[in-house]
file final.cif (mmCIF, C-alpha atoms and all ligand atoms)
data_model
loop_
_atom_site.group_PDB
_atom_site.id
_atom_site.type_symbol
_atom_site.label_atom_id
_atom_site.label_comp_id
_atom_site.auth_asym_id
_atom_site.auth_seq_id
_atom_site.Cartn_x
_atom_site.Cartn_y
_atom_site.Cartn_z
ATOM 1 C CA MET T 1 -142.969 30.041 -37.632
ATOM 2 C CA THR T 2 -140.140 31.290 -39.853
ATOM 3 C CA GLN T 3 -137.904 28.841 -41.613
ATOM 4 C CA ARG T 4 -134.671 27.944 -39.871
ATOM 5 C CA MET T 5 -131.639 29.808 -41.160
ATOM 6 C CA THR T 6 -129.137 27.478 -42.830
ATOM 7 C CA CYS T 7 -125.401 27.486 -42.110
ATOM 8 C CA ARG T 8 -124.820 28.798 -45.623
ATOM 9 C CA GLU T 9 -127.213 31.735 -45.155
ATOM 10 C CA LEU T 10 -125.746 32.499 -41.761
ATOM 11 C CA ILE T 11 -122.150 32.565 -43.014
ATOM 12 C CA GLU T 12 -122.580 33.961 -46.511
ATOM 13 C CA ASP T 13 -125.492 36.374 -46.147
ATOM 14 C CA PHE T 14 -125.630 37.585 -42.573
ATOM 15 C CA LEU T 15 -122.372 37.058 -40.712
ATOM 16 C CA ALA T 16 -120.608 40.216 -41.919
ATOM 17 C CA ALA T 17 -123.588 42.375 -40.947
ATOM 18 C CA TYR T 18 -123.850 40.521 -37.625
ATOM 19 C CA VAL T 19 -120.290 41.366 -36.591
ATOM 20 C CA ASP T 20 -120.954 44.993 -37.595
ATOM 21 C CA ASP T 21 -124.161 44.904 -35.553
ATOM 22 C CA GLU T 22 -126.191 45.889 -38.604
ATOM 23 C CA LEU T 23 -128.778 43.078 -38.716
ATOM 24 C CA LEU T 24 -132.475 43.800 -38.389
ATOM 25 C CA PRO T 25 -133.741 42.547 -35.024
ATOM 26 C CA GLU T 26 -135.848 39.703 -36.445
ATOM 27 C CA ILE T 27 -132.937 38.394 -38.526
ATOM 28 C CA ARG T 28 -130.620 38.780 -35.597
ATOM 29 C CA ASP T 29 -132.986 36.617 -33.534
ATOM 30 C CA ARG T 30 -132.939 33.896 -36.186
ATOM 31 C CA PHE T 31 -129.148 34.193 -36.361
ATOM 32 C CA ASP T 32 -128.827 33.765 -32.584
ATOM 33 C CA GLU T 33 -131.321 30.892 -32.646
ATOM 34 C CA HIS T 34 -129.175 29.088 -35.224
ATOM 35 C CA LEU T 35 -126.037 29.678 -33.147
ATOM 36 C CA GLY T 36 -127.817 28.147 -30.158
ATOM 37 C CA GLN T 37 -128.125 24.880 -32.083
ATOM 38 C CA CYS T 38 -125.007 24.792 -34.252
ATOM 39 C CA PRO T 39 -121.519 24.483 -32.722
ATOM 40 C CA ALA T 40 -119.941 24.561 -36.202
ATOM 41 C CA CYS T 41 -121.306 28.062 -36.858
ATOM 42 C CA VAL T 42 -120.384 29.222 -33.340
ATOM 43 C CA SER T 43 -116.851 28.132 -34.090
ATOM 44 C CA TYR T 44 -116.882 29.821 -37.506
ATOM 45 C CA LEU T 45 -118.104 33.095 -36.042
ATOM 46 C CA GLU T 46 -115.522 32.997 -33.270
ATOM 47 C CA THR T 47 -112.594 32.288 -35.601
ATOM 48 C CA TYR T 48 -113.882 34.917 -38.073
ATOM 49 C CA ARG T 49 -113.840 37.507 -35.294
ATOM 50 C CA GLN T 50 -110.367 36.400 -34.235
ATOM 51 C CA THR T 51 -109.203 36.756 -37.835
ATOM 52 C CA MET T 52 -110.437 40.363 -37.879
ATOM 53 C CA ALA T 53 -108.688 41.061 -34.593
ATOM 54 C CA LEU T 54 -105.468 39.425 -35.796
ATOM 55 C CA ALA T 55 -105.489 41.530 -38.960
ATOM 56 C CA ARG T 56 -105.642 44.647 -36.776
ATOM 57 C CA ALA T 57 -102.950 43.307 -34.468
ATOM 58 C CA ALA T 58 -100.748 42.506 -37.471
ATOM 59 C CA SER T 59 -101.173 46.068 -38.688
ATOM 60 C CA HIS T 60 -100.262 47.609 -35.341
ATOM 61 C CA ALA T 61 -97.290 45.280 -34.936
ATOM 62 C CA GLU T 62 -95.757 46.384 -38.229
ATOM 63 C CA PRO T 63 -92.688 48.489 -37.470
ATOM 64 C CA LEU T 64 -92.472 52.133 -38.555
ATOM 65 C CA ASP T 65 -89.183 53.620 -39.788
ATOM 66 C CA ASP T 66 -89.609 56.356 -37.255
ATOM 67 C CA PRO T 67 -88.091 58.919 -37.467
ATOM 68 C CA ALA T 68 -88.098 58.989 -41.254
ATOM 69 C CA PRO T 69 -84.664 58.004 -42.608
ATOM 70 C CA PRO T 70 -82.706 61.114 -43.710
ATOM 71 C CA PRO T 71 -82.214 59.845 -47.314
ATOM 72 C CA LEU T 72 -85.998 59.601 -47.720
ATOM 73 C CA VAL T 73 -86.472 63.128 -46.364
ATOM 74 C CA GLU T 74 -83.736 64.386 -48.720
ATOM 75 C CA ALA T 75 -85.336 62.671 -51.710
ATOM 76 C CA ILE T 76 -88.710 64.212 -50.951
ATOM 77 C CA LEU T 77 -87.196 67.675 -50.567
ATOM 78 C CA ALA T 78 -85.318 67.243 -53.849
ATOM 79 C CA ALA T 79 -88.545 66.231 -55.607
ATOM 80 C CA LEU T 80 -90.311 69.291 -54.229
ATOM 81 C CA GLN T 81 -87.602 71.619 -55.455
ATOM 82 C CA LYS T 82 -87.675 70.337 -59.028
ATOM 83 C CA MET V 1 -91.797 71.848 -44.679
ATOM 84 C CA VAL V 2 -88.845 69.773 -43.512
ATOM 85 C CA ASP V 3 -90.550 69.249 -40.160
ATOM 86 C CA LEU V 4 -93.744 68.278 -41.900
ATOM 87 C CA ILE V 5 -91.883 65.681 -43.953
ATOM 88 C CA ARG V 6 -89.985 64.364 -40.921
ATOM 89 C CA THR V 7 -93.193 63.931 -38.976
ATOM 90 C CA HIS V 8 -95.284 62.271 -41.643
ATOM 91 C CA ALA V 9 -92.917 60.390 -43.928
ATOM 92 C CA ALA V 10 -92.618 57.248 -41.802
ATOM 93 C CA PRO V 11 -96.328 56.430 -41.435
ATOM 94 C CA LEU V 12 -96.934 57.379 -45.076
ATOM 95 C CA ARG V 13 -94.125 55.071 -46.134
ATOM 96 C CA ARG V 14 -95.710 52.172 -44.262
ATOM 97 C CA THR V 15 -99.079 52.811 -45.920
ATOM 98 C CA CYS V 16 -97.528 53.098 -49.390
ATOM 99 C CA ARG V 17 -95.511 49.920 -48.898
ATOM 100 C CA ARG V 18 -98.609 48.045 -47.814
ATOM 101 C CA LEU V 19 -100.519 49.104 -50.896
ATOM 102 C CA LEU V 20 -97.736 48.875 -53.470
ATOM 103 C CA ARG V 21 -95.738 45.935 -52.041
ATOM 104 C CA ASP V 22 -92.564 47.486 -53.416
ATOM 105 C CA ASP V 23 -90.165 49.702 -51.463
ATOM 106 C CA VAL V 24 -88.895 51.702 -54.453
ATOM 107 C CA ASP V 25 -92.408 52.346 -55.783
ATOM 108 C CA ALA V 26 -93.484 53.299 -52.282
ATOM 109 C CA ASP V 27 -90.761 55.945 -51.958
ATOM 110 C CA ASP V 28 -91.727 57.365 -55.381
ATOM 111 C CA ALA V 29 -95.337 57.476 -54.213
ATOM 112 C CA ILE V 30 -94.370 59.419 -51.077
ATOM 113 C CA GLN V 31 -92.612 62.041 -53.185
ATOM 114 C CA GLU V 32 -95.685 62.319 -55.374
ATOM 115 C CA THR V 33 -97.826 62.584 -52.235
ATOM 116 C CA PHE V 34 -95.901 65.567 -50.893
ATOM 117 C CA LEU V 35 -95.914 67.199 -54.346
ATOM 118 C CA ASN V 36 -99.687 66.806 -54.563
ATOM 119 C CA ALA V 37 -100.046 68.012 -51.002
ATOM 120 C CA LEU V 38 -98.035 71.135 -51.719
ATOM 121 C CA ARG V 39 -100.111 71.873 -54.812
ATOM 122 C CA GLY V 40 -103.351 71.234 -52.983
ATOM 123 C CA LEU V 41 -102.451 72.942 -49.732
ATOM 124 C CA SER V 42 -105.140 75.567 -50.319
ATOM 125 C CA SER V 43 -107.761 72.792 -50.346
ATOM 126 C CA PHE V 44 -106.679 71.553 -46.914
ATOM 127 C CA ARG V 45 -109.452 72.322 -44.484
ATOM 128 C CA GLY V 46 -108.237 73.003 -41.005
ATOM 129 C CA ASP V 47 -110.952 70.818 -39.529
ATOM 130 C CA ALA V 48 -109.358 67.657 -40.922
ATOM 131 C CA ARG V 49 -106.188 66.395 -39.309
ATOM 132 C CA LEU V 50 -103.143 67.010 -41.429
ATOM 133 C CA SER V 51 -102.044 63.382 -41.083
ATOM 134 C CA THR V 52 -105.475 62.163 -42.242
ATOM 135 C CA TRP V 53 -105.384 64.514 -45.203
ATOM 136 C CA LEU V 54 -101.864 63.426 -46.225
ATOM 137 C CA HIS V 55 -102.825 59.774 -45.823
ATOM 138 C CA ARG V 56 -105.752 60.187 -48.160
ATOM 139 C CA ILE V 57 -103.548 61.784 -50.776
ATOM 140 C CA ALA V 58 -101.016 58.968 -50.408
ATOM 141 C CA ILE V 59 -103.714 56.291 -50.751
ATOM 142 C CA ASN V 60 -105.031 57.982 -53.897
ATOM 143 C CA VAL V 61 -101.539 58.126 -55.357
ATOM 144 C CA CYS V 62 -100.956 54.431 -54.623
ATOM 145 C CA LEU V 63 -104.330 53.293 -55.958
ATOM 146 C CA ALA V 64 -103.757 55.255 -59.179
ATOM 147 C CA ARG V 65 -100.400 53.502 -59.548
ATOM 148 C CA LEU V 66 -101.970 50.084 -58.974
ATOM 149 C CA ARG V 67 -104.667 50.844 -61.550
ATOM 150 C CA ARG V 68 -102.086 51.888 -64.105
ATOM 151 C CA ALA V 69 -99.948 48.830 -63.442
ATOM 152 C CA ARG V 70 -102.744 46.251 -63.661
ATOM 153 C CA PRO V 71 -105.866 47.753 -65.208
ATOM 154 C CA GLN V 72 -107.444 44.324 -65.723
ATOM 155 C CA ALA V 73 -107.569 43.753 -61.958
ATOM 156 C CA TRP V 74 -109.721 46.888 -61.618
ATOM 157 C CA THR V 75 -112.392 46.158 -64.200
ATOM 158 C CA MET V 76 -116.040 45.375 -63.447
ATOM 159 C CA ASP V 77 -115.058 41.750 -63.210
ATOM 160 C CA ALA V 78 -112.979 42.351 -60.118
ATOM 161 C CA ASP V 79 -115.465 40.445 -57.972
ATOM 162 C CA HIS V 80 -115.134 37.359 -60.077
ATOM 163 C CA GLU V 81 -113.369 34.901 -57.832
ATOM 164 C CA ASP V 82 -110.508 32.848 -59.097
ATOM 165 C CA ASP V 83 -110.157 29.162 -58.329
ATOM 166 C CA ALA V 84 -107.344 29.656 -55.843
ATOM 167 C CA LEU V 85 -109.604 31.897 -53.802
ATOM 168 C CA ALA V 86 -112.603 29.576 -54.158
ATOM 169 C CA SER V 87 -110.633 26.694 -52.643
ATOM 170 C CA LEU V 88 -110.187 28.765 -49.468
ATOM 171 C CA LEU V 89 -113.868 29.657 -49.099
ATOM 172 C CA PRO V 90 -116.397 27.519 -47.223
ATOM 173 C CA ARG V 91 -118.328 25.003 -49.310
ATOM 174 C CA TYR V 92 -121.802 23.719 -48.553
ATOM 175 C CA HIS V 93 -124.037 20.688 -48.978
ATOM 176 C CA HIS V 94 -127.386 21.078 -50.749
ATOM 177 C CA ASP V 95 -129.137 21.410 -47.407
ATOM 178 C CA GLY V 96 -126.957 24.402 -46.540
ATOM 179 C CA HIS V 97 -124.619 22.675 -44.057
ATOM 180 C CA ARG V 98 -120.951 23.478 -44.380
ATOM 181 C CA ILE V 99 -118.957 20.638 -45.962
ATOM 182 C CA GLY V 100 -116.592 18.985 -43.509
ATOM 183 C CA PRO V 101 -115.816 21.828 -41.129
ATOM 184 C CA LEU V 102 -112.202 21.191 -40.208
ATOM 185 C CA PRO V 103 -110.990 21.183 -36.659
ATOM 186 C CA THR V 104 -109.955 24.739 -36.014
ATOM 187 C CA TRP V 105 -107.522 26.479 -33.695
ATOM 188 C CA SER V 106 -108.041 26.857 -29.975
ATOM 189 C CA THR V 107 -105.158 29.086 -28.877
ATOM 190 C CA PRO V 108 -106.700 32.201 -27.293
ATOM 191 C CA LEU V 109 -106.626 35.418 -29.300
ATOM 192 C CA ASP V 110 -104.575 37.472 -26.838
ATOM 193 C CA GLU V 111 -101.861 34.847 -26.992
ATOM 194 C CA LEU V 112 -101.889 34.801 -30.804
ATOM 195 C CA ALA V 113 -101.878 38.578 -31.118
ATOM 196 C CA GLN V 114 -98.717 38.781 -28.986
ATOM 197 C CA ARG V 115 -96.741 36.662 -31.413
ATOM 198 C CA ARG V 116 -94.723 38.947 -33.681
ATOM 199 C CA GLU V 117 -93.860 36.210 -36.167
ATOM 200 C CA LEU V 118 -97.536 35.312 -36.509
ATOM 201 C CA CYS V 119 -98.403 38.972 -37.104
ATOM 202 C CA GLU V 120 -95.720 39.005 -39.772
ATOM 203 C CA ARG V 121 -97.234 35.886 -41.373
ATOM 204 C CA VAL V 122 -100.702 37.448 -41.304
ATOM 205 C CA ARG V 123 -99.312 40.440 -43.225
ATOM 206 C CA ARG V 124 -97.794 38.067 -45.796
ATOM 207 C CA MET V 125 -101.148 36.261 -46.085
ATOM 208 C CA VAL V 126 -102.871 39.565 -46.793
ATOM 209 C CA GLU V 127 -100.202 40.387 -49.400
ATOM 210 C CA SER V 128 -100.967 37.129 -51.170
ATOM 211 C CA LEU V 129 -104.660 37.937 -51.706
ATOM 212 C CA PRO V 130 -105.915 38.978 -55.153
ATOM 213 C CA GLU V 131 -105.704 42.745 -55.620
ATOM 214 C CA PRO V 132 -109.380 43.704 -55.081
ATOM 215 C CA HIS V 133 -109.493 41.780 -51.810
ATOM 216 C CA ARG V 134 -106.050 42.817 -50.665
ATOM 217 C CA THR V 135 -106.692 46.528 -51.162
ATOM 218 C CA VAL V 136 -109.990 46.342 -49.277
ATOM 219 C CA ILE V 137 -108.471 44.569 -46.283
ATOM 220 C CA VAL V 138 -105.498 46.971 -46.247
ATOM 221 C CA LEU V 139 -107.774 50.019 -46.298
ATOM 222 C CA ARG V 140 -110.396 48.688 -43.863
ATOM 223 C CA ASP V 141 -108.429 46.563 -41.397
ATOM 224 C CA PHE V 142 -104.894 47.994 -41.619
ATOM 225 C CA GLU V 143 -105.521 51.667 -42.325
ATOM 226 C CA GLU V 144 -108.830 51.532 -40.431
ATOM 227 C CA LEU V 145 -110.830 53.564 -42.928
ATOM 228 C CA SER V 146 -114.624 53.358 -42.902
ATOM 229 C CA THR V 147 -116.551 51.306 -45.454
ATOM 230 C CA GLU V 148 -117.786 54.523 -47.070
ATOM 231 C CA GLU V 149 -114.314 56.077 -47.362
ATOM 232 C CA THR V 150 -112.949 52.836 -48.781
ATOM 233 C CA ALA V 151 -115.739 52.689 -51.366
ATOM 234 C CA GLU V 152 -115.080 56.278 -52.383
ATOM 235 C CA LEU V 153 -111.325 55.807 -52.730
ATOM 236 C CA LEU V 154 -111.731 52.598 -54.726
ATOM 237 C CA GLY V 155 -114.550 54.007 -56.807
ATOM 238 C CA VAL V 156 -116.870 51.080 -56.043
ATOM 239 C CA ARG V 157 -120.197 50.701 -54.251
ATOM 240 C CA VAL V 158 -120.368 50.259 -50.487
ATOM 241 C CA ASN V 159 -121.812 46.787 -51.007
ATOM 242 C CA ALA V 160 -118.862 45.763 -53.162
ATOM 243 C CA VAL V 161 -116.528 46.799 -50.345
ATOM 244 C CA LYS V 162 -118.553 44.750 -47.856
ATOM 245 C CA THR V 163 -118.581 41.675 -50.089
ATOM 246 C CA ARG V 164 -114.861 41.832 -50.830
ATOM 247 C CA LEU V 165 -113.987 42.406 -47.201
ATOM 248 C CA HIS V 166 -116.102 39.429 -46.147
ATOM 249 C CA ARG V 167 -114.434 37.235 -48.801
ATOM 250 C CA ALA V 168 -110.987 38.465 -47.796
ATOM 251 C CA ARG V 169 -111.630 37.733 -44.106
ATOM 252 C CA GLN V 170 -113.028 34.288 -44.927
ATOM 253 C CA VAL V 171 -109.959 33.417 -46.967
ATOM 254 C CA LEU V 172 -107.642 34.764 -44.295
ATOM 255 C CA ARG V 173 -109.558 32.738 -41.694
ATOM 256 C CA THR V 174 -109.016 29.544 -43.698
ATOM 257 C CA MET V 175 -105.315 30.311 -44.134
ATOM 258 C CA LEU V 176 -104.981 30.827 -40.388
ATOM 259 C CA GLU V 177 -106.936 27.657 -39.736
ATOM 260 C CA HIS V 178 -104.537 25.607 -41.874
ATOM 261 C CA GLU V 179 -101.519 27.192 -40.277
ATOM 262 C CA LEU V 180 -102.570 27.233 -36.624
ATOM 263 C CA HIS V 181 -104.242 23.849 -36.564
ATOM 264 C CA ARG V 182 -101.137 22.223 -38.011
ATOM 265 C CA GLU V 183 -99.031 24.063 -35.474
ATOM 266 C CA GLU V 184 -101.231 23.010 -32.549
ATOM 267 C CA LEU V 185 -100.974 19.372 -33.613
ATOM 268 C CA GLY V 186 -97.233 19.841 -33.319
HETATM 269 ZN ZN ZN H 201 -124.713 26.315 -38.668
#

call {"tool": "encode", "arguments": {"input": "final.cif", "output": "structure tokens", "more": "lines below"}}
Ligand SMILES: [Zn+2]
result
Amino acid sequence: MTQRMTCRELIEDFLAAYVDDELLPEIRDRFDEHLGQCPACVSYLETYRQTMALARAASHAEPLDDPAPPPLVEAILAALQK
Amino acid sequence: MVDLIRTHAAPLRRTCRRLLRDDVDADDAIQETFLNALRGLSSFRGDARLSTWLHRIAINVCLARLRRARPQAWTMDADHEDDALASLLPRYHHDGHRIGPLPTWSTPLDELAQRRELCERVRRMVESLPEPHRTVIVLRDFEELSTEETAELLGVRVNAVKTRLHRARQVLRTMLEHELHREELG
């Protein structure tokens, strides 16, 4: 019988590898076992994943100055011709 | 060349602005990027996409500028966490339970991701992170580079990238929790 994973171990040591699907199977089993008994960690994992997704969404939502503004293009061309 | 600049300047500008947080610096960095690209054109391998290649040059230019501007933020001690950061990380009891998990948000993700002003706030939150954490989240989550590429560009070990990214996401999660929970309470 392996020792139960603590919330601290789950969040600090294993969570990042869990979301990347990089945990060894036996650790993953202990991770899932902990989740089965700990709503606080389920909630942490869920909001952590949402944070990752929101960071991506925030990146995609950032406007592009497309097409490039003519003054910028001019400045680059001038720099290249120096 | 003009076509090349027209096509790539806008996305490069966004990347440079994200890294440098200054519009004037960013435009200088784009000029330097195209200069370096022109000089290094012979090293461009046709199997890489031109946009990827230019992006990498731009990121290198920006990171070099950041290093020059604040060398102390790039020393070995970069993983030392300041107090402001520590207050946004989870804390634990001796038995390993998290101290006082706060009520968190319940609005579904797809609803949150649709909100432009929230996306804008998330970008500001990322901007407010300490440099080592901010650069990692910009490269990994915004520019969508791999852990290995990020480590190479930053000149740190893969594990350092993973640790900083985890810290950065934890801090961002807490910031969102404060913001969204307050908002949901009305
Ligand atoms: Zn737990």

call {"tool": "resolve_selection", "arguments": {"input": "final.cif", "expression": "the PyMOL selection byres (((chain T and resi 7) around 12) and not hetatm)", "output": "VMD selection string"}}
result
(chain T and resid 4 to 6 8 to 15 30 to 35 37 to 45) or (chain V and resid 90 to 99 101)

call {"tool": "write_last_selection", "arguments": {"input": "final.cif", "atoms": "C-alpha atoms", "output": "CSV table (one decimal), in the frame of the given file"}}
result
chain,number,residue,atom,x,y,z
T,4,ARG,CA,-134.7,27.9,-39.9
T,5,MET,CA,-131.6,29.8,-41.2
T,6,THR,CA,-129.1,27.5,-42.8
T,8,ARG,CA,-124.8,28.8,-45.6
T,9,GLU,CA,-127.2,31.7,-45.2
T,10,LEU,CA,-125.7,32.5,-41.8
T,11,ILE,CA,-122.2,32.6,-43.0
T,12,GLU,CA,-122.6,34.0,-46.5
T,13,ASP,CA,-125.5,36.4,-46.1
T,14,PHE,CA,-125.6,37.6,-42.6
T,15,LEU,CA,-122.4,37.1,-40.7
T,30,ARG,CA,-132.9,33.9,-36.2
T,31,PHE,CA,-129.1,34.2,-36.4
T,32,ASP,CA,-128.8,33.8,-32.6
T,33,GLU,CA,-131.3,30.9,-32.6
T,34,HIS,CA,-129.2,29.1,-35.2
T,35,LEU,CA,-126.0,29.7,-33.1
T,37,GLN,CA,-128.1,24.9,-32.1
T,38,CYS,CA,-125.0,24.8,-34.3
T,39,PRO,CA,-121.5,24.5,-32.7
T,40,ALA,CA,-119.9,24.6,-36.2
T,41,CYS,CA,-121.3,28.1,-36.9
T,42,VAL,CA,-120.4,29.2,-33.3
T,43,SER,CA,-116.9,28.1,-34.1
T,44,TYR,CA,-116.9,29.8,-37.5
T,45,LEU,CA,-118.1,33.1,-36.0
V,90,PRO,CA,-116.4,27.5,-47.2
V,91,ARG,CA,-118.3,25.0,-49.3
V,92,TYR,CA,-121.8,23.7,-48.6
V,93,HIS,CA,-124.0,20.7,-49.0
V,94,HIS,CA,-127.4,21.1,-50.7
V,95,ASP,CA,-129.1,21.4,-47.4
V,96,GLY,CA,-127.0,24.4,-46.5
V,97,HIS,CA,-124.6,22.7,-44.1
V,98,ARG,CA,-121.0,23.5,-44.4
V,99,ILE,CA,-119.0,20.6,-46.0
V,101,PRO,CA,-115.8,21.8,-41.1

call {"tool": "residues_around", "arguments": {"input": "final.cif", "residues": "region 53-59 of chain T", "least_positions_apart": "4", "cutoff": "9 Å", "atoms": "all atoms listed in the file", "output": "CSV table (one decimal) with C-alpha atoms, keeping the file's coordinate frame"}}
result
chain,number,residue,atom,x,y,z
T,48,TYR,CA,-113.9,34.9,-38.1
T,49,ARG,CA,-113.8,37.5,-35.3
T,63,PRO,CA,-92.7,48.5,-37.5
V,109,LEU,CA,-106.6,35.4,-29.3
V,112,LEU,CA,-101.9,34.8,-30.8
V,113,ALA,CA,-101.9,38.6,-31.1
V,114,GLN,CA,-98.7,38.8,-29.0
V,116,ARG,CA,-94.7,38.9,-33.7
V,118,LEU,CA,-97.5,35.3,-36.5
V,119,CYS,CA,-98.4,39.0,-37.1
V,120,GLU,CA,-95.7,39.0,-39.8
V,121,ARG,CA,-97.2,35.9,-41.4
V,122,VAL,CA,-100.7,37.4,-41.3
V,123,ARG,CA,-99.3,40.4,-43.2
V,126,VAL,CA,-102.9,39.6,-46.8
V,137,ILE,CA,-108.5,44.6,-46.3
V,138,VAL,CA,-105.5,47.0,-46.2
V,141,ASP,CA,-108.4,46.6,-41.4
V,142,PHE,CA,-104.9,48.0,-41.6
V,143,GLU,CA,-105.5,51.7,-42.3
V,144,GLU,CA,-108.8,51.5,-40.4
V,169,ARG,CA,-111.6,37.7,-44.1
V,172,LEU,CA,-107.6,34.8,-44.3

call {"tool": "closest_residue", "arguments": {"input": "final.cif", "among": "T:Gly36, T:Ala16, T:Pro71, T:Leu23", "to": "chain V", "atoms": "only C-alpha atoms"}}
result
T:Ala16

call {"tool": "atom_distance", "arguments": {"input": "final.cif", "atom1": "CA of Trp53 (chain V)", "atom2": "CA of Ala151 (chain V)"}}
result
16.9 Å

call {"tool": "closest_residue", "arguments": {"input": "final.cif", "among": "V:Val136, V:Gly100, V:Leu185, V:Leu38", "to": "ligand ZN 201 (chain H)", "atoms": "only C-alpha atoms and all ligand atoms"}}
result
V:Gly100

call {"tool": "atom_distance", "arguments": {"input": "final.cif", "atom1": "CA of Glu183 (chain V)", "atom2": "CA of His166 (chain V)"}}
result
25.3 Å

call {"tool": "closest_residue", "arguments": {"input": "final.cif", "among": "V:Ala48, V:Leu66, V:Leu165, V:Val158", "to": "chain T", "atoms": "all atoms listed in the file"}}
result
V:Leu165

call {"tool": "closest_residue", "arguments": {"input": "final.cif", "among": "V:Leu35, V:Ile59, V:Leu12, V:Met125", "to": "chain T", "atoms": "only C-alpha atoms"}}
result
V:Leu35

call {"tool": "resolve_selection", "arguments": {"input": "final.cif", "expression": "the PyMOL selection byres (((chain V and resi 2) around 12) and not hetatm)", "output": "PyMOL selection string"}}
result
(chain T and resi 68+70+72-78+80) or (chain V and resi 1+3-9+34)

call {"tool": "resolve_selection", "arguments": {"input": "final.cif", "expression": "the PyMOL selection byres (((chain T and resi 64) around 10) and not hetatm)", "output": "CSV table (one decimal) with C-alpha atoms, in the coordinates of the input"}}
result
chain,number,residue,atom,x,y,z
T,60,HIS,CA,-100.3,47.6,-35.3
T,61,ALA,CA,-97.3,45.3,-34.9
T,62,GLU,CA,-95.8,46.4,-38.2
T,63,PRO,CA,-92.7,48.5,-37.5
T,65,ASP,CA,-89.2,53.6,-39.8
T,66,ASP,CA,-89.6,56.4,-37.3
T,67,PRO,CA,-88.1,58.9,-37.5
T,68,ALA,CA,-88.1,59.0,-41.3
V,9,ALA,CA,-92.9,60.4,-43.9
V,10,ALA,CA,-92.6,57.2,-41.8
V,11,PRO,CA,-96.3,56.4,-41.4
V,12,LEU,CA,-96.9,57.4,-45.1
V,13,ARG,CA,-94.1,55.1,-46.1
V,14,ARG,CA,-95.7,52.2,-44.3
V,15,THR,CA,-99.1,52.8,-45.9

call {"tool": "closest_residue", "arguments": {"input": "final.cif", "among": "V:Arg173, V:His178, V:Glu131, V:Ile30", "to": "Pro71 (chain V)", "atoms": "all atoms listed in the file"}}
result
V:Glu131

call {"tool": "atom_distance", "arguments": {"input": "final.cif", "atom1": "CA of Gln170 (chain V)", "atom2": "CA of Val156 (chain V)"}}
result
20.5 Å

call {"tool": "residues_around", "arguments": {"input": "final.cif", "residues": "Trp105 (chain V)", "least_positions_apart": "3", "cutoff": "7 Å", "atoms": "all atoms listed in the file", "output": "CSV table (one decimal) with C-alpha atoms, in the frame of the given file"}}
result
chain,number,residue,atom,x,y,z
V,177,GLU,CA,-106.9,27.7,-39.7
V,180,LEU,CA,-102.6,27.2,-36.6
V,181,HIS,CA,-104.2,23.8,-36.6

call {"tool": "residues_near_point", "arguments": {"input": "final.cif", "point": "(-98.6, 44.0, -59.3)", "cutoff": "12 Å", "atoms": "only C-alpha atoms", "output": "JSON, numbers by chain"}}
result
{"V": [19, 20, 21, 22, 25, 62, 63, 65, 66, 67, 68, 69, 70, 71, 72, 73, 74, 127, 128, 129, 130, 131, 132, 134, 135]}

call {"tool": "axis_aligned_box", "arguments": {"input": "final.cif", "around": "region 154-165 of chain V", "padding_each_side": "5 Å", "output": "lines of an AutoDock Vina configuration file"}}
result
center_x = -116.8
center_y = 47.8
center_z = -52.0
size_x = 20.1
size_y = 22.3
size_z = 19.6

call {"tool": "closest_residue", "arguments": {"input": "final.cif", "among": "V:Pro108, V:Gly46, V:Gly186, V:Gly40", "to": "chain T", "atoms": "all atoms listed in the file"}}
result
V:Pro108
